[in-house]
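Undergrad: Sharing model_11.cif, mmCIF, C-alpha atoms:
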data_final
#
loop_
_atom_site.label_atom_id
_atom_site.label_comp_id
_atom_site.auth_asym_id
_atom_site.auth_seq_id
_atom_site.Cartn_x
_atom_site.Cartn_y
_atom_site.Cartn_z
CA MET Z 151 0.00 0.00 0.00
CA ASN Z 152 1.22 3.46 -0.85
CA THR Z 153 1.47 5.11 2.56
CA SER Z 154 2.66 8.36 1.11
CA LEU Z 155 -0.64 8.67 -0.76
CA ILE Z 156 -2.56 8.12 2.46
CA ARG Z 157 -0.54 10.78 4.17
CA SER Z 158 -1.10 13.14 1.33
CA ASN Z 159 -4.88 12.50 1.42
CA HIS Z 160 -5.00 13.25 5.15
CA SER Z 161 -2.37 15.91 5.37
CA PRO Z 162 -2.97 18.84 7.73
CA PHE Z 163 -3.11 21.13 4.73
CA ARG Z 164 -5.95 19.13 3.10
CA LEU Z 165 -7.91 18.92 6.38
CA ARG Z 166 -7.56 22.66 6.86
CA CYS Z 167 -8.84 23.27 3.35
CA GLU Z 168 -11.83 20.99 3.93
CA LEU Z 169 -12.67 22.77 7.18
CA GLU Z 170 -12.35 26.14 5.49
CA GLU Z 171 -14.84 24.95 2.86
CA VAL Z 172 -17.36 23.33 5.24
CA LEU Z 173 -17.44 25.79 8.13
CA PRO Z 174 -18.53 28.82 6.10
CA VAL Z 175 -21.41 26.81 4.63
CA ARG Z 176 -22.56 25.70 8.06
CA CYS Z 177 -22.26 29.23 9.40
CA LEU Z 178 -24.31 30.58 6.52
CA VAL Z 179 -26.99 27.95 7.13
CA MET Z 180 -27.14 28.79 10.83
CA VAL Z 181 -27.30 32.53 10.11
CA ALA Z 182 -30.10 31.93 7.61
CA LEU Z 183 -32.07 29.87 10.12
CA VAL Z 184 -31.65 32.50 12.81
CA ALA Z 185 -32.69 35.24 10.39
CA LEU Z 186 -35.78 33.27 9.35
CA ALA Z 187 -36.72 32.75 12.98
CA MET Z 188 -36.31 36.47 13.71
CA LEU Z 189 -38.37 37.43 10.67
CA ASN Z 190 -41.10 34.99 11.67
CA THR Z 191 -41.21 36.44 15.20
CA GLN Z 192 -41.35 39.98 13.85
CA ALA Z 193 -44.16 39.06 11.43
CA GLN Z 194 -46.20 37.51 14.23
CA ALA Z 195 -45.72 40.64 16.35
CA GLN Z 196 -46.82 42.88 13.49
CA LEU Z 197 -49.86 40.66 12.86
CA LEU Z 198 -50.86 40.91 16.53
CA GLU Z 199 -50.53 44.70 16.47
CA THR Z 200 -52.59 44.90 13.28
CA ASN Z 201 -55.41 42.59 14.32
CA GLY Z 202 -55.53 43.70 17.96
CA PRO Z 203 -56.47 41.60 20.99
CA SER Z 204 -59.53 40.09 19.27
CA SER Z 205 -57.27 37.86 17.15
CA GLN Z 206 -56.17 36.16 20.36
CA GLY Z 207 -59.71 35.52 21.62
CA GLN Z 208 -59.77 38.60 23.84
CA PRO Z 209 -62.42 40.98 22.49
CA ALA Z 210 -61.60 44.66 22.55
CA SER Z 211 -65.23 45.53 23.32
CA ILE Z 212 -67.70 44.13 25.86
CA TRP Z 213 -70.54 44.59 23.34
CA GLU Z 214 -71.80 42.10 20.75
CA GLY Z 215 -71.96 44.89 18.18
CA GLY Z 216 -71.98 48.57 18.95
CA ILE Z 217 -72.72 50.19 22.31
CA GLY Z 218 -76.14 49.17 23.59
CA GLU Z 219 -76.58 46.27 21.14
CA GLY Z 220 -76.24 43.55 23.77
CA PHE Z 221 -73.31 42.43 25.90
CA ARG Z 222 -70.87 39.68 24.97
CA PRO Z 223 -71.58 36.44 26.88
CA ASP Z 224 -68.25 36.66 28.76
CA ALA Z 225 -68.65 40.30 29.84
CA ARG Z 226 -68.23 40.99 33.56
CA SER Z 227 -68.76 44.06 35.68
CA MET Z 228 -67.99 45.76 38.99
CA THR Z 229 -70.43 48.32 40.38
CA PHE Z 230 -70.11 50.72 43.30
CA SER Z 231 -73.40 52.30 44.43
CA ALA Z 232 -74.61 54.57 47.20
CA GLY Z 233 -78.09 55.66 48.20
CA ALA Z 234 -80.85 55.66 50.78
CA ASN Z 235 -83.94 53.68 51.73
CA TYR Z 236 -87.23 55.48 52.36
CA GLY Z 237 -89.00 53.39 55.00
CA ILE Z 238 -92.68 52.47 54.72
CA ALA Z 239 -94.78 51.40 57.69
CA THR Z 240 -96.83 48.88 55.73
CA PHE Z 241 -97.48 45.14 55.36
CA GLY Z 242 -97.57 44.83 59.16
CA SER Z 243 -94.58 47.06 60.03
CA HIS Z 244 -95.11 49.47 62.91
CA GLN Z 245 -92.34 51.89 61.96
CA ALA Z 246 -90.81 53.48 58.88
CA HIS Z 247 -87.07 52.64 58.80
CA ASP Z 248 -84.91 55.15 56.92
CA LEU Z 249 -81.49 53.84 55.90
CA ALA Z 250 -78.29 55.05 54.26
CA LEU Z 251 -76.27 52.42 52.43
CA THR Z 252 -73.44 51.64 50.03
CA SER Z 253 -72.92 48.51 47.97
CA PHE Z 254 -70.32 46.74 45.85
CA THR Z 255 -71.54 44.30 43.19
CA TYR Z 256 -69.80 41.81 40.88
CA GLY Z 257 -71.71 40.83 37.74
CA HIS Z 258 -71.31 38.22 35.00
CA MET Z 259 -73.43 37.83 31.85
CA LEU Z 260 -75.10 34.43 31.57
CA GLY Z 261 -75.06 34.17 27.79
CA ASP Z 262 -75.49 35.89 24.45
CA ALA Z 263 -78.14 38.53 23.92
CA MET Z 264 -81.46 36.82 23.25
CA GLY Z 265 -84.77 37.86 21.72
CA GLU Z 266 -83.21 39.32 18.58
CA GLY Z 267 -85.70 41.55 16.78
CA HIS Z 268 -88.04 41.79 19.79
CA TRP Z 269 -88.58 44.67 22.20
CA TRP Z 270 -87.23 42.53 25.04
CA GLN Z 271 -83.90 41.72 23.37
CA GLY Z 272 -81.13 41.68 25.98
CA ASN Z 273 -78.81 39.75 28.30
CA PRO Z 274 -79.49 37.95 31.59
CA GLU Z 275 -76.84 38.68 34.21
CA PHE Z 276 -75.90 37.14 37.55
CA ARG Z 277 -74.87 39.67 40.19
CA LEU Z 278 -73.57 39.27 43.74
CA GLU Z 279 -73.99 42.32 45.96
CA LEU Z 280 -72.26 43.11 49.25
CA PHE Z 281 -73.93 46.03 51.03
CA SER Z 282 -73.63 47.87 54.32
CA GLY Z 283 -74.93 50.98 56.02
CA ALA Z 284 -76.87 52.40 58.93
CA GLN Z 285 -80.41 53.20 59.95
CA PHE Z 286 -80.69 56.89 60.84
CA ASP Z 287 -84.41 57.05 61.70
CA PRO Z 288 -86.14 56.27 64.07
CA ASP Z 289 -82.76 55.55 65.73
CA THR Z 290 -79.20 54.65 64.77
CA ARG Z 291 -78.52 51.00 63.93
CA TRP Z 292 -76.08 49.11 61.69
CA PHE Z 293 -76.58 46.46 59.01
CA VAL Z 294 -74.53 44.43 56.50
CA GLY Z 295 -75.72 41.90 53.94
CA LEU Z 296 -75.01 39.71 50.93
CA THR Z 297 -77.53 39.24 48.11
CA PRO Z 298 -77.38 37.30 44.82
CA HIS Z 299 -79.35 39.04 42.06
CA LEU Z 300 -80.66 38.10 38.64
CA ARG Z 301 -80.74 41.09 36.28
CA TYR Z 302 -81.98 41.47 32.72
CA ASN Z 303 -80.32 44.19 30.61
CA PHE Z 304 -82.32 45.37 27.61
CA ALA Z 305 -80.49 45.95 24.33
CA THR Z 306 -81.84 49.24 22.98
CA GLY Z 307 -79.07 50.00 20.50
CA THR Z 308 -78.44 53.28 22.32
CA ARG Z 309 -76.35 54.46 25.26
CA TRP Z 310 -79.43 54.07 27.49
CA VAL Z 311 -79.65 50.50 28.83
CA PRO Z 312 -82.69 49.83 31.06
CA PHE Z 313 -82.85 46.77 33.31
CA VAL Z 314 -85.03 44.87 35.76
CA ASP Z 315 -83.58 43.17 38.81
CA ALA Z 316 -84.58 40.76 41.61
CA GLY Z 317 -82.65 39.15 44.45
CA ALA Z 318 -82.85 37.36 47.79
CA GLY Z 319 -80.13 37.17 50.42
CA VAL Z 320 -79.15 37.47 54.06
CA THR Z 321 -78.60 40.42 56.38
CA ALA Z 322 -77.03 40.92 59.81
CA THR Z 323 -78.38 43.94 61.68
CA SER Z 324 -78.86 45.51 65.10
CA ILE Z 325 -82.32 46.83 64.18
CA GLY Z 326 -84.72 45.36 66.71
CA PRO Z 327 -88.31 45.59 68.04
CA PRO Z 328 -91.02 46.45 67.38
CA ASP Z 329 -90.58 45.24 63.78
CA MET Z 330 -87.55 42.96 63.91
CA SER Z 331 -85.68 40.71 66.32
CA GLY Z 332 -82.43 38.78 66.22
CA THR Z 333 -79.27 39.62 64.32
CA PHE Z 334 -79.93 37.30 61.37
CA GLU Z 335 -82.52 38.41 58.77
CA PHE Z 336 -83.43 37.56 55.19
CA ASN Z 337 -83.86 40.22 52.52
CA LEU Z 338 -85.99 40.27 49.38
CA GLN Z 339 -85.44 42.90 46.68
CA ALA Z 340 -87.01 43.75 43.32
CA GLY Z 341 -86.47 46.82 41.21
CA THR Z 342 -85.73 48.52 37.93
CA GLY Z 343 -83.30 51.11 36.65
CA ILE Z 344 -81.32 52.43 33.75
CA MET Z 345 -77.66 52.75 32.78
CA TRP Z 346 -76.18 55.58 30.76
CA VAL Z 347 -73.08 54.31 28.96
CA LEU Z 348 -70.38 56.98 29.23
CA ARG Z 349 -67.90 55.07 27.09
CA ASP Z 350 -67.43 51.51 25.85
CA ASN Z 351 -66.87 49.93 29.27
CA LEU Z 352 -68.09 52.53 31.78
CA ALA Z 353 -71.67 53.40 32.74
CA LEU Z 354 -73.57 55.50 35.25
CA SER Z 355 -76.66 53.82 36.75
CA LEU Z 356 -79.78 54.92 38.57
CA GLU Z 357 -82.13 52.36 40.13
CA ALA Z 358 -85.03 51.99 42.52
CA ARG Z 359 -85.85 48.86 44.54
CA TYR Z 360 -88.53 47.63 46.86
CA VAL Z 361 -86.86 46.01 49.89
CA HIS Z 362 -88.24 43.71 52.57
CA TRP Z 363 -86.32 42.33 55.57
CA SER Z 364 -87.62 39.73 57.99
CA CYS Z 365 -86.46 36.57 59.74
CA ALA Z 366 -89.07 34.20 58.21
CA GLY Z 367 -90.48 33.40 61.63
CA LEU Z 368 -87.18 32.31 63.21
CA HIS Z 369 -87.67 34.91 65.97
CA LYS Z 370 -90.47 37.08 67.24
CA PRO Z 371 -91.48 39.76 66.49
CA ASN Z 372 -91.32 39.19 62.73
CA LEU Z 373 -93.27 42.13 61.32
CA GLY Z 374 -90.41 43.13 59.02
CA LEU Z 375 -88.83 46.21 57.52
CA ASN Z 376 -90.16 47.60 54.23
CA GLY Z 377 -89.02 50.45 52.05
CA VAL Z 378 -88.04 51.84 48.67
CA THR Z 379 -84.31 52.16 48.00
CA GLY Z 380 -82.78 54.56 45.50
CA LEU Z 381 -79.19 53.99 44.33
CA LEU Z 382 -76.77 55.92 42.17
CA GLY Z 383 -73.88 53.83 40.89
CA MET Z 384 -70.87 53.60 38.61
CA THR Z 385 -70.24 50.36 36.67
CA TYR Z 386 -66.99 49.23 35.07
CA PHE Z 387 -67.23 46.42 32.50
CA PHE Z 388 -64.39 44.12 31.52
#
Take the structure I supplied and represent it as structure tokens, if you would.

TA:
Amino acid sequence: MNTSLIRSNHSPFRLRCELEEVLPVRCLVMVALVALAMLNTQAQAQLLETNGPSSQGQPASIWEGGIGEGFRPDARSMTFSAGANYGIATFGSHQAHDLALTSFTYGHMLGDAMGEGHWWQGNPEFRLELFSGAQFDPDTRWFVGLTPHLRYNFATGTRWVPFVDAGAGVTATSIGPPDMSGTFEFNLQAGTGIMWVLRDNLALSLEARYVHWSCAGLHKPNLGLNGVTGLLGMTYFF
């Protein structure tokens, strides 16, 4: 065997030449792959900026169409309200109980707007209200409560969104005889109101409710507290 030929085929000079030929090609391939990856990332970023959040399943608006045309089924809300209750000595109550109160409510739409083409088109909404305040007449007493509500928001196609609302919950209070007894009471509420949409996800609301508190016969006396509550609130949708 010709060993000199073998040496010549594997000489350091030949190996260096082969490396000099192969390495640049590999480097160019790697650079090309990196460049393609960077271009792909940049294109995706530009596509996201162009299409907005809706392309990722996160709608930019809480409305199905325009403002007042029905809420999206995943729309949620937070409402802060303040107001007063005008007491009524009726349905067995001996006294009129005047109250001042504030409330914080979390809401979540229960589905798409229904009743398309009808006057009652709108969205049902579940709401959970935490409220607190004080009786200021006939004497000073405290109260705090938690009430789940079911609300129906009408889709009018305008910035004015009327609603009807009903709920039942629990209340702790120091209001006592002659109309109530015990710290634990139930509350029943039903009312109506309207929202004025200030911008896409912010609304001012005005509502009136009939309110009844009693202990359902757990204690005596159980004549109950009755009144009409007016509330002014601000709602943020998200």

Undergrad: What's the 8 Å shell around stretch 351-358 of chain Z, counting all atoms listed in the file, without same-chain residues fewer than 2 positions away, as a PyMOL selection string?

TA: chain Z and resi 211-212+341-349+360+378-388

Undergrad: Dump as a Markdown table the rows for residues of stretch 265-339 of chain Z within 9 Å of stretch 220-231 of chain Z: closest atom pair and distance in Å with one decimal, only C-alpha atoms counted, ordered by chain and rising residue number.

TA:
| residue | atom | partner | partner_atom | distance |
| --- | --- | --- | --- | --- |
| Z:Gln271 | CA | Z:Gly220 | CA | 7.9 |
| Z:Gly272 | CA | Z:Gly220 | CA | 5.7 |
| Z:Asn273 | CA | Z:Gly220 | CA | 6.4 |
| Z:Glu275 | CA | Z:Arg226 | CA | 8.9 |
| Z:Arg277 | CA | Z:Ser227 | CA | 8.8 |
| Z:Glu279 | CA | Z:Thr229 | CA | 8.9 |
| Z:Asn303 | CA | Z:Gly220 | CA | 8.0 |
| Z:Phe304 | CA | Z:Gly220 | CA | 7.4 |
| Z:Ala305 | CA | Z:Gly220 | CA | 4.9 |
| Z:Thr306 | CA | Z:Gly220 | CA | 8.0 |
| Z:Gly307 | CA | Z:Gly220 | CA | 7.8 |

Undergrad: Could the residues in this selection be saved with C-alpha atoms as a CSV table (one decimal), in the coordinates of the input?

TA:
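Final file, out_37.csv:
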chain,number,residue,atom,x,y,z
Z,271,GLN,CA,-83.9,41.7,23.4
Z,272,GLY,CA,-81.1,41.7,26.0
Z,273,ASN,CA,-78.8,39.8,28.3
Z,275,GLU,CA,-76.8,38.7,34.2
Z,277,ARG,CA,-74.9,39.7,40.2
Z,279,GLU,CA,-74.0,42.3,46.0
Z,303,ASN,CA,-80.3,44.2,30.6
Z,304,PHE,CA,-82.3,45.4,27.6
Z,305,ALA,CA,-80.5,46.0,24.3
Z,306,THR,CA,-81.8,49.2,23.0
Z,307,GLY,CA,-79.1,50.0,20.5

Undergrad: Just the number, please: distance in Å from atom CA of Z:Cys365 to atom CA of Z:Tyr256, one decimal.

TA: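 Computing it gives 25.7 Å between the two atoms.
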
Undergrad: Could you check which of Z:Ser243, Z:Arg301, Z:Arg291, Z:Gln285 is closest to Z:Leu260, using all atoms listed in the file?

TA: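 Ranked by minimum distance to Z:Leu260, first place goes to Z:Arg301.
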
Undergrad: List the spatial neighbours of Z:Pro328 as a PDB file with C-alpha atoms, in the frame of the given file - criterion: any atom at most 7 Å away, all atoms listed in the file, same-chain residues fewer than 2 positions off excluded.

TA:
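Final file, part-v5.pdb:
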ATOM      1  CA  HIS Z 244     -95.110  49.470  62.910  1.00  0.00           C
ATOM      2  CA  GLY Z 326     -84.720  45.360  66.710  1.00  0.00           C
ATOM      3  CA  MET Z 330     -87.550  42.960  63.910  1.00  0.00           C
ATOM      4  CA  PRO Z 371     -91.480  39.760  66.490  1.00  0.00           C
TER       5      PRO Z 371
END

Undergrad: Expand the PyMOL selection byres ((chain Z and resi 295) around 10) into the explicit residue set it covers here, and present it as an mmCIF file with C-alpha atoms, keeping the file's coordinate frame.

TA:
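Printed below is part-v7.cif as written:
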data_model
loop_
_atom_site.group_PDB
_atom_site.id
_atom_site.type_symbol
_atom_site.label_atom_id
_atom_site.label_comp_id
_atom_site.auth_asym_id
_atom_site.auth_seq_id
_atom_site.Cartn_x
_atom_site.Cartn_y
_atom_site.Cartn_z
ATOM 1 C CA SER Z 253 -72.920 48.510 47.970
ATOM 2 C CA GLU Z 279 -73.990 42.320 45.960
ATOM 3 C CA LEU Z 280 -72.260 43.110 49.250
ATOM 4 C CA PHE Z 281 -73.930 46.030 51.030
ATOM 5 C CA SER Z 282 -73.630 47.870 54.320
ATOM 6 C CA GLY Z 283 -74.930 50.980 56.020
ATOM 7 C CA PHE Z 293 -76.580 46.460 59.010
ATOM 8 C CA VAL Z 294 -74.530 44.430 56.500
ATOM 9 C CA LEU Z 296 -75.010 39.710 50.930
ATOM 10 C CA THR Z 297 -77.530 39.240 48.110
ATOM 11 C CA GLY Z 319 -80.130 37.170 50.420
ATOM 12 C CA VAL Z 320 -79.150 37.470 54.060
ATOM 13 C CA THR Z 321 -78.600 40.420 56.380
ATOM 14 C CA ALA Z 322 -77.030 40.920 59.810
ATOM 15 C CA THR Z 323 -78.380 43.940 61.680
ATOM 16 C CA PHE Z 334 -79.930 37.300 61.370
ATOM 17 C CA GLU Z 335 -82.520 38.410 58.770
ATOM 18 C CA PHE Z 336 -83.430 37.560 55.190
ATOM 19 C CA ASN Z 337 -83.860 40.220 52.520
#

Undergrad: For this structure, which residues satisfy the selection - the PyMOL selection byres ((chain Z and resi 363) around 7) - when it is evaluated on the file as given? I want them as an MDAnalysis selection string.

TA: chainID Z and resid 335:338 361:362 364 374:376

Undergrad: Give me a file of those residues, with C-alpha atoms, as a PDB file, in the frame of the given file.

TA:
ATOM      1  CA  GLU Z 335     -82.520  38.410  58.770  1.00  0.00           C
ATOM      2  CA  PHE Z 336     -83.430  37.560  55.190  1.00  0.00           C
ATOM      3  CA  ASN Z 337     -83.860  40.220  52.520  1.00  0.00           C
ATOM      4  CA  LEU Z 338     -85.990  40.270  49.380  1.00  0.00           C
ATOM      5  CA  VAL Z 361     -86.860  46.010  49.890  1.00  0.00           C
ATOM      6  CA  HIS Z 362     -88.240  43.710  52.570  1.00  0.00           C
ATOM      7  CA  SER Z 364     -87.620  39.730  57.990  1.00  0.00           C
ATOM      8  CA  GLY Z 374     -90.410  43.130  59.020  1.00  0.00           C
ATOM      9  CA  LEU Z 375     -88.830  46.210  57.520  1.00  0.00           C
ATOM     10  CA  ASN Z 376     -90.160  47.600  54.230  1.00  0.00           C
TER      11      ASN Z 376
END

Undergrad: Distance atom CA of Z:Gln245-atom CA of Z:Lys370, one decimal place?

TA: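 One can read the atom CA of Z:Gln245 to atom CA of Z:Lys370 distance as 15.8 Å.
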
Undergrad: For the structure provided, state which residues fall under the PyMOL selection byres ((chain Z and resi 247) around 9), and present them as number ranges by chain.

TA: Z: 235-239, 245-246, 248-249, 285-289, 375-377

Undergrad: Do you have the atom CA of Z:Ala263-atom CA of Z:Tyr302 distance handy?

TA: 10.0 Å

Undergrad: Take the point (-83.8, 35.9, 68.2) in the file's coordinates, draw a sphere of radius 8 Å around it, and report as JSON, numbers by chain every protein, DNA or RNA residue with an atom inside or on it, counting all atoms listed in the file.

TA: {"Z": [331, 332, 333, 334, 368, 369, 370]}

Undergrad: Which one is closest to Z:Phe276: Z:Thr255, Z:Asp262, Z:Leu300, Z:Val311? Count all atoms listed in the file.

TA: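 Of all the options, Z:Leu300 lies closest to Z:Phe276.
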
Undergrad: Using all atoms listed in the file, which of Z:Leu251, Z:Ala284, Z:Val314, Z:Ala232 sits nearest Z:Trp270?

TA: Z:Val314
